[in-house]
$ cat target31.cif   # mmCIF, C-alpha atoms and all ligand atoms
data_query
loop_
_atom_site.label_atom_id
_atom_site.label_comp_id
_atom_site.auth_asym_id
_atom_site.auth_seq_id
_atom_site.Cartn_x
_atom_site.Cartn_y
_atom_site.Cartn_z
CA MET A 22 105.50 55.88 96.17
CA VAL A 23 109.20 55.27 96.71
CA PHE A 24 108.83 51.50 97.15
CA ARG A 25 107.51 51.19 93.58
CA ILE A 26 110.80 52.63 92.35
CA LEU A 27 112.96 50.53 94.68
CA ARG A 28 110.95 47.36 94.19
CA PRO A 29 109.02 47.37 90.89
CA ASP A 30 108.47 43.61 91.40
CA ALA A 31 106.00 44.52 94.17
CA SER A 32 103.61 45.44 91.35
CA THR A 33 104.69 43.05 88.59
CA VAL A 34 104.45 39.96 90.80
CA TRP A 35 100.67 40.33 90.67
CA ASN A 36 100.73 39.98 86.88
CA ASP A 37 101.38 36.29 87.39
CA GLU A 38 98.10 34.37 87.26
CA GLU A 39 99.29 31.61 89.57
CA ILE A 40 100.41 34.07 92.27
CA LEU A 41 97.07 35.84 91.99
CA LYS A 42 95.22 32.53 92.27
CA ARG A 43 97.21 31.22 95.25
CA PHE A 44 96.99 34.52 97.15
CA SER A 45 93.55 35.62 96.01
CA LYS A 46 92.15 36.13 99.53
CA TYR A 47 95.17 38.19 100.59
CA ARG A 48 94.87 40.26 97.42
CA GLY A 49 91.16 40.75 98.16
CA ILE A 50 92.02 42.27 101.57
CA ILE A 51 94.51 44.64 99.93
CA ASP A 52 91.86 45.66 97.36
CA GLY A 53 89.15 46.03 100.01
CA THR A 54 86.92 43.34 98.50
CA ARG A 55 87.48 40.93 101.41
CA LEU A 56 87.64 41.30 105.17
CA ALA A 57 90.68 40.32 107.21
CA ARG A 58 89.90 37.23 109.24
CA TYR A 59 90.38 38.87 112.63
CA LEU A 60 87.61 41.37 111.90
CA ILE A 61 85.20 38.53 111.21
CA ALA A 62 86.33 36.72 114.39
CA LYS A 63 85.35 39.76 116.46
CA SER A 64 81.74 39.31 115.39
CA ILE A 65 81.49 35.76 116.76
CA LYS A 66 79.89 35.85 120.17
CA CYS A 67 81.41 33.64 122.89
CA ASN A 68 79.81 33.14 126.29
CA PHE A 69 82.46 32.10 128.76
CA ASN A 70 83.80 32.94 132.18
CA ILE A 71 87.52 33.45 132.72
CA ILE A 72 87.36 31.09 135.70
CA ASP A 73 86.00 28.26 133.53
CA PRO A 74 88.33 25.20 133.47
CA ILE A 75 90.84 25.26 130.62
CA GLU A 76 89.27 22.12 129.08
CA THR A 77 85.91 23.91 128.87
CA LEU A 78 87.49 26.93 127.21
CA GLU A 79 89.44 24.74 124.76
CA GLY A 80 86.22 22.91 123.86
CA LEU A 81 84.48 26.24 123.20
CA LEU A 82 87.43 27.36 121.06
CA LYS A 83 86.95 24.30 118.84
CA GLU A 84 83.22 25.03 118.50
CA LYS A 85 83.91 28.65 117.59
CA SER A 86 86.47 27.64 115.01
CA ILE A 87 83.83 25.56 113.26
CA GLU A 88 81.36 28.45 113.42
CA PHE A 89 84.02 30.85 112.11
CA ASN A 90 84.84 28.67 109.12
CA GLU A 91 81.16 28.29 108.23
CA ILE A 92 80.76 32.08 108.23
CA LEU A 93 83.89 32.52 106.09
CA ASP A 94 82.10 30.87 103.19
CA GLU A 95 79.54 33.68 103.15
CA ASP A 96 79.91 36.70 100.90
CA SER A 97 82.76 38.76 102.36
CA LEU A 98 81.02 42.08 101.76
CA ASP A 99 78.00 40.97 103.78
CA LEU A 100 80.33 40.18 106.65
CA LYS A 101 81.12 43.90 106.96
CA ASN A 102 77.69 44.38 108.49
CA ARG A 103 78.27 41.96 111.34
CA VAL A 104 78.39 43.54 114.81
CA VAL A 105 81.50 43.33 117.00
CA GLN A 106 80.72 41.37 120.18
CA ASP A 107 82.15 42.32 123.59
CA SER A 108 82.97 38.73 124.38
CA ASN A 109 84.08 37.16 121.13
CA TYR A 110 86.29 34.52 119.48
CA ILE A 111 89.38 36.72 119.92
CA THR A 112 88.79 37.47 123.61
CA LEU A 113 88.28 33.73 124.15
CA ALA A 114 91.59 32.91 122.45
CA GLU A 115 93.36 35.61 124.46
CA THR A 116 91.92 34.24 127.71
CA ILE A 117 93.21 30.75 126.90
CA ALA A 118 96.62 32.12 125.87
CA ILE A 119 96.99 33.90 129.22
CA LYS A 120 96.10 30.67 131.01
CA TYR A 121 98.77 28.81 129.01
CA LEU A 122 101.28 31.43 130.22
CA GLU A 123 100.96 29.99 133.74
CA LYS A 124 102.62 26.81 132.44
CA CYS A 125 103.98 27.92 129.13
CA ILE A 126 103.34 25.59 126.23
CA PHE A 127 103.39 28.12 123.41
CA CYS A 128 106.20 26.30 121.66
CA GLU A 129 107.23 22.68 121.53
CA ARG A 130 109.99 23.23 124.06
CA GLN A 131 107.04 23.13 126.48
CA CYS A 132 109.11 24.64 129.30
CA GLU A 133 105.98 24.92 131.47
CA ALA A 134 107.47 28.04 133.07
CA ASN A 135 104.98 30.14 135.01
CA ARG A 136 105.57 33.31 133.04
CA ILE A 137 102.74 35.09 134.87
CA SER A 138 104.62 34.84 138.16
CA GLY A 139 107.94 35.92 136.62
CA GLU A 140 109.51 32.58 135.72
CA LYS A 141 111.23 32.38 132.36
CA GLY A 142 111.68 29.46 130.01
CA PHE A 143 114.25 28.93 127.25
CA CYS A 144 113.21 32.10 125.38
CA LEU A 145 113.80 34.22 128.53
CA ILE A 146 110.67 36.22 127.78
CA SER A 147 108.46 36.93 130.79
CA LYS A 148 104.76 37.65 130.51
CA ASP A 149 105.69 40.99 128.95
CA SER A 150 106.48 41.41 125.27
CA TYR A 151 109.29 43.50 123.86
CA ILE A 152 109.93 44.76 120.36
CA SER A 153 113.31 45.72 118.99
CA SER A 154 111.93 47.66 116.02
CA ALA A 155 108.87 48.24 113.87
CA PHE A 156 109.02 49.76 110.41
CA LEU A 157 107.79 49.60 106.85
CA HIS A 158 109.90 46.78 105.41
CA LEU A 159 110.77 46.94 101.71
CA GLY A 160 113.00 43.86 101.69
CA GLU A 161 110.36 41.13 102.06
CA GLU A 162 108.95 39.00 99.23
CA PRO A 163 107.46 41.18 96.45
CA MET A 164 103.79 40.47 97.21
CA LEU A 165 104.32 41.55 100.82
CA ILE A 166 105.80 45.02 100.53
CA PRO A 167 105.48 47.54 101.97
CA SER A 168 105.16 45.32 105.03
CA GLY A 169 104.33 46.64 108.50
CA THR A 170 106.99 44.56 110.19
CA ILE A 171 107.17 44.23 113.97
CA PHE A 172 110.35 42.58 115.32
CA PHE A 173 109.91 40.91 118.71
CA GLN A 174 112.93 40.56 120.94
CA GLY A 175 113.79 36.97 121.91
CA CYS A 176 113.38 33.56 120.35
CA ASN A 177 112.39 30.04 121.33
CA PHE A 178 115.08 28.63 119.02
CA GLY A 179 118.83 28.67 119.50
CA CYS A 180 120.10 28.47 115.90
CA VAL A 181 123.90 28.48 115.93
CA PHE A 182 123.95 30.37 112.61
CA CYS A 183 121.17 32.86 113.47
CA GLN A 184 121.03 35.64 110.89
CA ASN A 185 119.24 37.91 113.40
CA TYR A 186 121.32 36.95 116.42
CA ASP A 187 121.40 40.45 117.89
CA ILE A 188 117.68 40.36 118.66
CA SER A 189 117.19 36.62 119.13
CA GLN A 190 120.24 35.29 120.99
CA ALA A 191 123.11 37.67 121.77
CA TRP A 192 121.23 39.84 124.29
CA LYS A 193 120.58 36.78 126.47
CA GLU A 194 124.24 36.63 127.46
CA LYS A 195 124.99 40.28 127.84
CA LYS A 196 122.07 42.54 128.38
CA ASN A 197 118.86 43.14 130.22
CA ILE A 198 115.99 43.05 127.74
CA GLU A 199 114.81 46.46 128.94
CA ASP A 200 118.11 47.93 127.70
CA VAL A 201 117.68 46.69 124.15
CA ALA A 202 113.96 46.65 123.42
CA GLN A 203 110.70 48.47 123.99
CA LYS A 204 108.04 46.91 126.20
CA VAL A 205 104.63 46.64 124.57
CA ASN A 206 101.19 45.53 125.69
CA SER A 207 98.19 44.62 123.59
CA LEU A 208 97.00 48.19 123.31
CA SER A 209 100.36 49.73 122.40
CA LEU A 210 101.07 46.91 119.93
CA ALA A 211 97.78 47.64 118.21
CA GLY A 212 98.78 51.31 118.05
CA ILE A 213 102.05 50.35 116.34
CA ALA A 214 100.16 48.18 113.86
CA GLU A 215 97.66 50.93 113.08
CA LYS A 216 100.47 53.42 112.57
CA SER A 217 101.98 51.06 109.97
CA VAL A 218 98.64 51.01 108.17
CA ASP A 219 98.62 54.82 108.11
CA LYS A 220 102.09 54.76 106.55
CA GLY A 221 100.94 52.44 103.75
CA ALA A 222 101.61 48.88 104.99
CA ILE A 223 99.64 46.15 103.21
CA ASN A 224 100.08 43.66 106.04
CA ILE A 225 101.07 43.47 109.71
CA ASN A 226 104.08 41.18 109.83
CA TYR A 227 104.85 39.58 113.24
CA VAL A 228 108.46 38.41 113.30
CA GLY A 229 111.53 38.41 115.54
CA GLY A 230 113.40 36.68 117.12
CA ASP A 231 110.09 34.96 116.94
CA PRO A 232 106.50 35.97 117.62
CA ILE A 233 105.60 32.63 119.28
CA PRO A 234 106.49 33.64 122.90
CA ASN A 235 104.26 36.69 122.36
CA ILE A 236 101.10 35.01 121.15
CA HIS A 237 99.05 36.36 124.06
CA THR A 238 100.04 39.99 123.33
CA ILE A 239 99.47 39.63 119.58
CA ILE A 240 96.01 38.09 119.99
CA GLY A 241 95.19 40.76 122.56
CA SER A 242 96.21 43.49 120.11
CA LEU A 243 93.61 42.24 117.64
CA LYS A 244 90.93 43.43 120.06
CA PHE A 245 92.17 46.98 119.51
CA GLN A 246 93.15 46.92 115.84
CA LYS A 247 90.44 48.20 113.53
CA SER A 248 91.83 48.39 110.00
CA ASN A 249 91.04 45.90 107.29
CA ILE A 250 94.64 44.71 107.05
CA CYS A 251 96.16 41.29 106.48
CA GLN A 252 97.61 39.65 109.60
CA LEU A 253 100.84 37.83 108.72
CA TRP A 254 102.69 35.23 110.86
CA ASN A 255 106.44 35.14 110.12
CA SER A 256 107.96 32.48 112.36
CA ASN A 257 110.13 29.43 112.89
CA PHE A 258 106.76 27.71 113.31
CA PHE A 259 107.82 25.50 116.21
CA LEU A 260 104.60 26.21 118.07
CA THR A 261 102.46 23.57 119.77
CA ASP A 262 99.25 22.31 118.27
CA LYS A 263 97.34 24.07 121.07
CA ALA A 264 99.09 27.38 120.40
CA LEU A 265 98.42 27.08 116.69
CA SER A 266 94.74 26.53 117.47
CA LEU A 267 94.69 29.97 119.11
CA ILE A 268 95.75 31.83 115.97
CA ILE A 269 94.96 29.59 113.00
CA ASP A 270 91.71 31.37 112.17
CA PHE A 271 93.01 34.94 112.70
CA ILE A 272 96.03 34.83 110.39
CA ASP A 273 95.48 35.63 106.72
CA PHE A 274 98.98 34.98 105.40
CA TRP A 275 101.62 32.54 106.64
CA LEU A 276 105.36 33.05 106.21
CA PRO A 277 106.88 30.05 107.99
CA ASP A 278 110.48 28.89 107.94
CA PHE A 279 111.33 25.38 106.86
CA LYS A 280 114.96 24.97 107.91
CA TYR A 281 115.77 21.27 108.11
CA GLY A 282 114.65 18.18 106.22
CA ASN A 283 115.13 15.85 109.19
CA ASN A 284 115.08 15.84 113.00
CA GLN A 285 118.83 15.38 113.46
CA CYS A 286 119.87 18.68 111.85
CA GLY A 287 117.21 20.49 113.90
CA LYS A 288 118.75 19.07 117.06
CA LYS A 289 122.31 19.86 116.03
CA TYR A 290 121.90 23.44 114.85
CA SER A 291 118.78 24.73 116.66
CA GLY A 292 118.80 22.53 119.76
CA VAL A 293 115.25 21.26 119.35
CA ASP A 294 113.78 17.75 119.31
CA ASN A 295 111.55 16.35 116.55
CA TYR A 296 111.97 19.38 114.29
CA PHE A 297 110.78 17.83 111.04
CA ASP A 298 107.80 16.03 112.62
CA ILE A 299 106.56 19.18 114.34
CA ILE A 300 107.12 21.59 111.46
CA THR A 301 105.43 19.33 108.91
CA ARG A 302 102.45 18.86 111.27
CA ASN A 303 102.05 22.64 111.59
CA HIS A 304 102.57 23.35 107.89
CA LYS A 305 99.97 20.78 106.91
CA ARG A 306 97.50 22.26 109.36
CA ILE A 307 97.70 25.83 108.03
CA HIS A 308 97.56 24.47 104.49
CA ASP A 309 94.50 22.29 105.06
CA GLU A 310 92.62 24.10 107.86
CA GLY A 311 93.94 27.68 107.87
CA SER A 312 93.88 30.25 105.10
CA GLY A 313 96.16 28.05 102.97
CA GLU A 314 97.94 31.18 101.69
CA ILE A 315 101.54 30.34 102.48
CA CYS A 316 105.01 31.36 101.41
CA ILE A 317 107.58 28.98 102.90
CA ARG A 318 111.08 30.33 103.45
CA HIS A 319 113.91 27.87 103.08
CA LEU A 320 117.45 29.08 103.73
CA VAL A 321 119.78 26.82 101.77
CA MET A 322 122.66 25.79 104.04
CA PRO A 323 126.12 24.76 102.90
CA ASN A 324 126.52 20.98 102.74
CA HIS A 325 122.82 20.50 103.49
CA VAL A 326 121.23 20.22 100.05
CA GLU A 327 120.90 16.43 100.23
CA CYS A 328 119.85 16.06 103.88
CA CYS A 329 117.68 19.18 104.19
CA THR A 330 116.82 21.06 100.98
CA LYS A 331 115.75 18.10 98.87
CA PRO A 332 113.58 16.38 101.53
CA ILE A 333 111.91 19.74 102.23
CA LEU A 334 111.19 20.33 98.54
CA ASP A 335 109.88 16.76 98.22
CA TYR A 336 107.55 17.34 101.16
CA VAL A 337 106.23 20.68 99.91
CA ALA A 338 105.57 19.31 96.41
CA LYS A 339 103.70 16.32 97.74
CA VAL A 340 101.79 17.65 100.77
CA LEU A 341 101.57 21.46 100.41
CA PRO A 342 100.66 22.07 96.75
CA LYS A 343 99.09 25.50 97.42
CA ALA A 344 102.28 26.89 98.99
CA VAL A 345 104.90 28.95 97.17
CA MET A 346 108.52 28.88 98.25
CA ASN A 347 111.25 31.41 98.76
CA ILE A 348 114.48 29.46 98.21
CA MET A 349 116.94 31.73 99.93
CA GLY A 350 120.65 32.06 99.25
CA GLN A 351 121.36 34.57 102.05
CA PHE A 352 122.96 32.13 104.46
CA ARG A 353 126.02 33.65 106.14
CA PRO A 354 128.12 31.88 108.77
CA GLN A 355 127.03 34.16 111.60
CA TRP A 356 126.71 33.90 115.39
CA LYS A 357 128.35 30.55 116.36
CA ALA A 358 128.53 28.95 112.90
CA SER A 359 132.33 29.03 112.93
CA GLU A 360 132.20 26.24 115.52
CA TYR A 361 130.63 23.99 112.87
CA PRO A 362 133.13 23.69 109.98
CA GLU A 363 130.59 22.14 107.58
CA ILE A 364 128.41 25.28 107.68
CA ASN A 365 131.18 27.82 108.12
CA ARG A 366 130.82 29.32 104.65
CA ARG A 367 128.17 30.66 102.29
CA PRO A 368 126.35 28.17 100.02
CA THR A 369 128.09 27.83 96.66
CA SER A 370 126.43 28.82 93.39
CA GLN A 371 126.38 25.10 92.50
CA GLU A 372 124.46 24.29 95.69
CA MET A 373 121.96 27.06 94.98
CA GLN A 374 121.53 25.88 91.40
CA GLU A 375 121.00 22.31 92.55
CA ALA A 376 118.29 23.46 94.97
CA ARG A 377 116.54 25.52 92.28
CA ASP A 378 116.77 22.80 89.64
CA TYR A 379 115.31 20.29 92.06
CA ALA A 380 112.41 22.65 92.87
CA ASP A 381 111.77 23.10 89.15
CA LYS A 382 111.78 19.35 88.61
CA LEU A 383 109.08 19.04 91.28
CA GLY A 384 106.99 21.89 89.82
CA ILE A 385 107.31 24.13 92.89
CA LEU A 386 106.44 27.82 92.41
CA TRP A 387 109.47 29.76 93.69
CA LYS A 388 111.04 32.00 91.00
CA LEU A 389 108.89 35.08 91.45
CA VAL A 390 109.27 35.24 95.22
CA SER A 391 112.90 34.17 95.75
S1 LIG B 1 107.55 30.18 124.39
FE1 LIG B 1 108.55 28.20 124.29
S2 LIG B 1 110.65 28.61 124.99
FE2 LIG B 1 109.40 30.33 125.69
S3 LIG B 1 108.73 29.76 127.76
FE3 LIG B 1 107.12 29.13 126.35
S4 LIG B 1 107.52 26.98 125.90
FE4 LIG B 1 109.42 27.89 126.76
#

$ encode --input "target31.cif" --output "structure tokens" --more "lines below"
Ligand code: SF4
Amino acid sequence: MVFRILRPDASTVWNDEEILKRFSKYRGIIDGTRLARYLIAKSIKCNFNIIDPIETLEGLLKEKSIEFNEILDEDSLDLKNRVVQDSNYITLAETIAIKYLEKCIFCERQCEANRISGEKGFCLISKDSYISSAFLHLGEEPMLIPSGTIFFQGCNFGCVFCQNYDISQAWKEKKNIEDVAQKVNSLSLAGIAEKSVDKGAININYVGGDPIPNIHTIIGSLKFQKSNICQLWNSNFFLTDKALSLIIDFIDFWLPDFKYGNNQCGKKYSGVDNYFDIITRNHKRIHDEGSGEICIRHLVMPNHVECCTKPILDYVAKVLPKAVMNIMGQFRPQWKASEYPEINRRPTSQEMQEARDYADKLGILWKLVS
């Protein structure tokens, strides 16, 4: 296949014992020796009524998460024989997600917009989801390609240096979303995912913009997807604890950003409060309670090695030992970065070297995936 010529590291990365060990479950799904989590979740029966109070449904979700994690310990091949239930853990999570849409709390902006009735919060996404593109991505980290990447239009962040500003920010000022993106529902999104599988994808990669405003559509699509394929969450990770509870058991591989090593830089450049506190809470949760198979992306910013890169690397080394890191040097002063002189350039080679040396000193696994 052409990607093996363009990216030989997609094969050689698996020669590394530590990569194989840290991503053994993901590798098992690729090899067909393990089941993707969402397929197992479909076999967990849930008796509920959509008019049940939200607290009742949230309580049931917690119970089903415990049941799910007990089942996960069983032999994966035996799990293939489990029967899909009409009312299951995924339909329960989707029902709760749709209820949250009435007072949106998907991300920590907690706008509480009633997206069902047409109100929009900061992300400007209504109850409908839109994708700007979907294709087999050969530019992701080597263990992820070819990746069935689905780019959602819109974002809950407002990063002044956004590297994807055309689909996350710029359209908000100029264009109607219908003019720039394709509307999808759960069924059509599942169709797009399945088409990626047919083309050779080894994961379904939800990205954007950001997938967070579209949690309800993504969970809903899992009802219709059928292939044994890794589900991958590629996000700024600024979702609420409640929103994370909806997906934590269905996602096999996590690809979260870790942008800032403190709250102040998060406020200044992305316009969000409590960035570091929220991101570390979510990272720890997927590490300890979720699949634990995580590649953290950190974009090194000019003049931010001391205040952001080093505290992030310290945190990862101490609290997230199973994670690998992509230490990225692709920062460009895009979108509105020129209004901030301290970040209005690319990182220097000295800054990149300092970041990499510091990661090495802490024993972080980054070389093969950066
Ligand atoms: S996803 Fe976040 S930004 Fe968008 S409406 Fe919901 S709470 Fe607001």

$ residues_around --input "target31.cif" --residues "segment 273-276 of chain A" --least-positions-apart "2" --cutoff "6 Å" --atoms "only C-alpha atoms" --output "PyMOL selection string"
chain A and resi 251-255+312+314-317

$ residues_near_ligand --input "target31.cif" --ligand "ligand LIG 1 (chain B)" --cutoff "8 Å" --atoms "only C-alpha atoms and all ligand atoms" --output "JSON, numbers by chain"
{"A": [122, 124, 125, 126, 127, 128, 129, 130, 131, 132, 133, 134, 136, 141, 142, 143, 144, 145, 146, 147, 176, 177, 178, 233, 234, 235, 260]}

$ write_last_selection --input "target31.cif" --atoms "C-alpha atoms" --output "PDB file, in the frame of the given file"
ATOM      1  CA  LEU A 122     101.280  31.430 130.220  1.00  0.00           C
ATOM      2  CA  LYS A 124     102.620  26.810 132.440  1.00  0.00           C
ATOM      3  CA  CYS A 125     103.980  27.920 129.130  1.00  0.00           C
ATOM      4  CA  ILE A 126     103.340  25.590 126.230  1.00  0.00           C
ATOM      5  CA  PHE A 127     103.390  28.120 123.410  1.00  0.00           C
ATOM      6  CA  CYS A 128     106.200  26.300 121.660  1.00  0.00           C
ATOM      7  CA  GLU A 129     107.230  22.680 121.530  1.00  0.00           C
ATOM      8  CA  ARG A 130     109.990  23.230 124.060  1.00  0.00           C
ATOM      9  CA  GLN A 131     107.040  23.130 126.480  1.00  0.00           C
ATOM     10  CA  CYS A 132     109.110  24.640 129.300  1.00  0.00           C
ATOM     11  CA  GLU A 133     105.980  24.920 131.470  1.00  0.00           C
ATOM     12  CA  ALA A 134     107.470  28.040 133.070  1.00  0.00           C
ATOM     13  CA  ARG A 136     105.570  33.310 133.040  1.00  0.00           C
ATOM     14  CA  LYS A 141     111.230  32.380 132.360  1.00  0.00           C
ATOM     15  CA  GLY A 142     111.680  29.460 130.010  1.00  0.00           C
ATOM     16  CA  PHE A 143     114.250  28.930 127.250  1.00  0.00           C
ATOM     17  CA  CYS A 144     113.210  32.100 125.380  1.00  0.00           C
ATOM     18  CA  LEU A 145     113.800  34.220 128.530  1.00  0.00           C
ATOM     19  CA  ILE A 146     110.670  36.220 127.780  1.00  0.00           C
ATOM     20  CA  SER A 147     108.460  36.930 130.790  1.00  0.00           C
ATOM     21  CA  CYS A 176     113.380  33.560 120.350  1.00  0.00           C
ATOM     22  CA  ASN A 177     112.390  30.040 121.330  1.00  0.00           C
ATOM     23  CA  PHE A 178     115.080  28.630 119.020  1.00  0.00           C
ATOM     24  CA  ILE A 233     105.600  32.630 119.280  1.00  0.00           C
ATOM     25  CA  PRO A 234     106.490  33.640 122.900  1.00  0.00           C
ATOM     26  CA  ASN A 235     104.260  36.690 122.360  1.00  0.00           C
ATOM     27  CA  LEU A 260     104.600  26.210 118.070  1.00  0.00           C
TER      28      LEU A 260
END

$ residues_around --input "target31.cif" --residues "Asn197 of chain A" --least-positions-apart "6" --cutoff "12 Å" --atoms "all atoms listed in the file" --output "PyMOL selection string"
chain A and resi 145-146+151+174-175+188+191+203

$ write_last_selection --input "target31.cif" --atoms "C-alpha atoms" --output "PDB file, in the frame of the given file"
ATOM      1  CA  LEU A 145     113.800  34.220 128.530  1.00  0.00           C
ATOM      2  CA  ILE A 146     110.670  36.220 127.780  1.00  0.00           C
ATOM      3  CA  TYR A 151     109.290  43.500 123.860  1.00  0.00           C
ATOM      4  CA  GLN A 174     112.930  40.560 120.940  1.00  0.00           C
ATOM      5  CA  GLY A 175     113.790  36.970 121.910  1.00  0.00           C
ATOM      6  CA  ILE A 188     117.680  40.360 118.660  1.00  0.00           C
ATOM      7  CA  ALA A 191     123.110  37.670 121.770  1.00  0.00           C
ATOM      8  CA  GLN A 203     110.700  48.470 123.990  1.00  0.00           C
TER       9      GLN A 203
END

$ residues_around --input "target31.cif" --residues "segment 102-116 of chain A" --least-positions-apart "6" --cutoff "10 Å" --atoms "all atoms listed in the file" --output "number ranges by chain"
A: 59-72, 75, 78-79, 81-82, 85-86, 88-89, 236-244, 264, 266-268, 270-271

$ closest_atom_pairs --input "target31.cif" --of "segment 242-339 of chain A" --to "segment 366-383 of chain A" --cutoff "8 Å" --atoms "all atoms listed in the file" --output "JSON lines"
{"residue": "A:Val321", "atom": "CA", "partner": "A:Pro368", "partner_atom": "CA", "distance": 6.9}
{"residue": "A:Met322", "atom": "CA", "partner": "A:Pro368", "partner_atom": "CA", "distance": 6.0}
{"residue": "A:Pro323", "atom": "CA", "partner": "A:Pro368", "partner_atom": "CA", "distance": 4.5}
{"residue": "A:Asn324", "atom": "CA", "partner": "A:Pro368", "partner_atom": "CA", "distance": 7.7}
{"residue": "A:Val326", "atom": "CA", "partner": "A:Ala376", "partner_atom": "CA", "distance": 6.7}
{"residue": "A:Thr330", "atom": "CA", "partner": "A:Ala376", "partner_atom": "CA", "distance": 6.6}
{"residue": "A:Lys331", "atom": "CA", "partner": "A:Ala376", "partner_atom": "CA", "distance": 7.1}
{"residue": "A:Leu334", "atom": "CA", "partner": "A:Ala380", "partner_atom": "CA", "distance": 6.2}
{"residue": "A:Asp335", "atom": "CA", "partner": "A:Leu383", "partner_atom": "CA", "distance": 7.3}
{"residue": "A:Ala338", "atom": "CA", "partner": "A:Leu383", "partner_atom": "CA", "distance": 6.2}

$ closest_residue --input "target31.cif" --among "A:Ile272, A:Glu162, A:Phe258, A:Phe182" --to "Ile348 of chain A" --atoms "all atoms listed in the file"
A:Glu162

$ closest_atom_pairs --input "target31.cif" --of "segment 118-229 of chain A" --to "segment 34-51 of chain A" --cutoff "9 Å" --atoms "all atoms listed in the file" --output "tab-separated table"
residue	atom	partner	partner_atom	distance
A:Pro163	CA	A:Val34	CA	6.5
A:Met164	CA	A:Val34	CA	6.5
A:Ile223	CA	A:Ile51	CA	6.3
A:Asn224	CA	A:Ile51	CA	8.3

$ closest_residue --input "target31.cif" --among "A:Lys388, A:Gly212, A:Glu199, A:Gln184" --to "Ala358 of chain A" --atoms "all atoms listed in the file"
A:Gln184

$ build_atoms --input "target31.cif" --residues "segment 263-274 of chain A" --atoms "N, CA, C and O atoms" --output "short mmCIF file (atom, residue, chain, number, x, y, z; two decimals), in the coordinates of the input"
data_model
loop_
_atom_site.label_atom_id
_atom_site.label_comp_id
_atom_site.auth_asym_id
_atom_site.auth_seq_id
_atom_site.Cartn_x
_atom_site.Cartn_y
_atom_site.Cartn_z
N LYS A 263 98.29 23.25 120.31
CA LYS A 263 97.34 24.07 121.07
C LYS A 263 97.56 25.56 120.78
O LYS A 263 96.60 26.31 120.66
N ALA A 264 98.81 25.96 120.69
CA ALA A 264 99.09 27.38 120.40
C ALA A 264 98.64 27.73 118.99
O ALA A 264 98.08 28.81 118.75
N LEU A 265 98.87 26.81 118.07
CA LEU A 265 98.42 27.08 116.69
C LEU A 265 96.90 27.21 116.62
O LEU A 265 96.37 28.04 115.88
N SER A 266 96.21 26.43 117.46
CA SER A 266 94.74 26.53 117.47
C SER A 266 94.26 27.92 117.88
O SER A 266 93.17 28.35 117.51
N LEU A 267 95.08 28.63 118.65
CA LEU A 267 94.69 29.97 119.11
C LEU A 267 94.71 31.00 117.99
O LEU A 267 93.99 31.99 118.03
N ILE A 268 95.58 30.78 116.99
CA ILE A 268 95.75 31.83 115.97
C ILE A 268 95.34 31.40 114.57
O ILE A 268 95.25 32.23 113.66
N ILE A 269 95.10 30.11 114.38
CA ILE A 269 94.96 29.59 113.00
C ILE A 269 93.86 30.31 112.21
O ILE A 269 94.01 30.53 111.00
N ASP A 270 92.80 30.71 112.91
CA ASP A 270 91.71 31.37 112.17
C ASP A 270 91.89 32.88 112.02
O ASP A 270 91.16 33.51 111.25
N PHE A 271 92.85 33.48 112.73
CA PHE A 271 93.01 34.94 112.70
C PHE A 271 94.07 35.40 111.71
O PHE A 271 94.17 36.58 111.40
N ILE A 272 94.91 34.47 111.27
CA ILE A 272 96.03 34.83 110.39
C ILE A 272 95.62 34.64 108.93
O ILE A 272 95.15 33.57 108.54
N ASP A 273 95.85 35.69 108.14
CA ASP A 273 95.48 35.63 106.72
C ASP A 273 96.61 35.06 105.87
O ASP A 273 96.36 34.38 104.87
N PHE A 274 97.84 35.38 106.24
CA PHE A 274 98.98 34.98 105.40
C PHE A 274 100.06 34.38 106.30
O PHE A 274 100.41 34.94 107.34
#
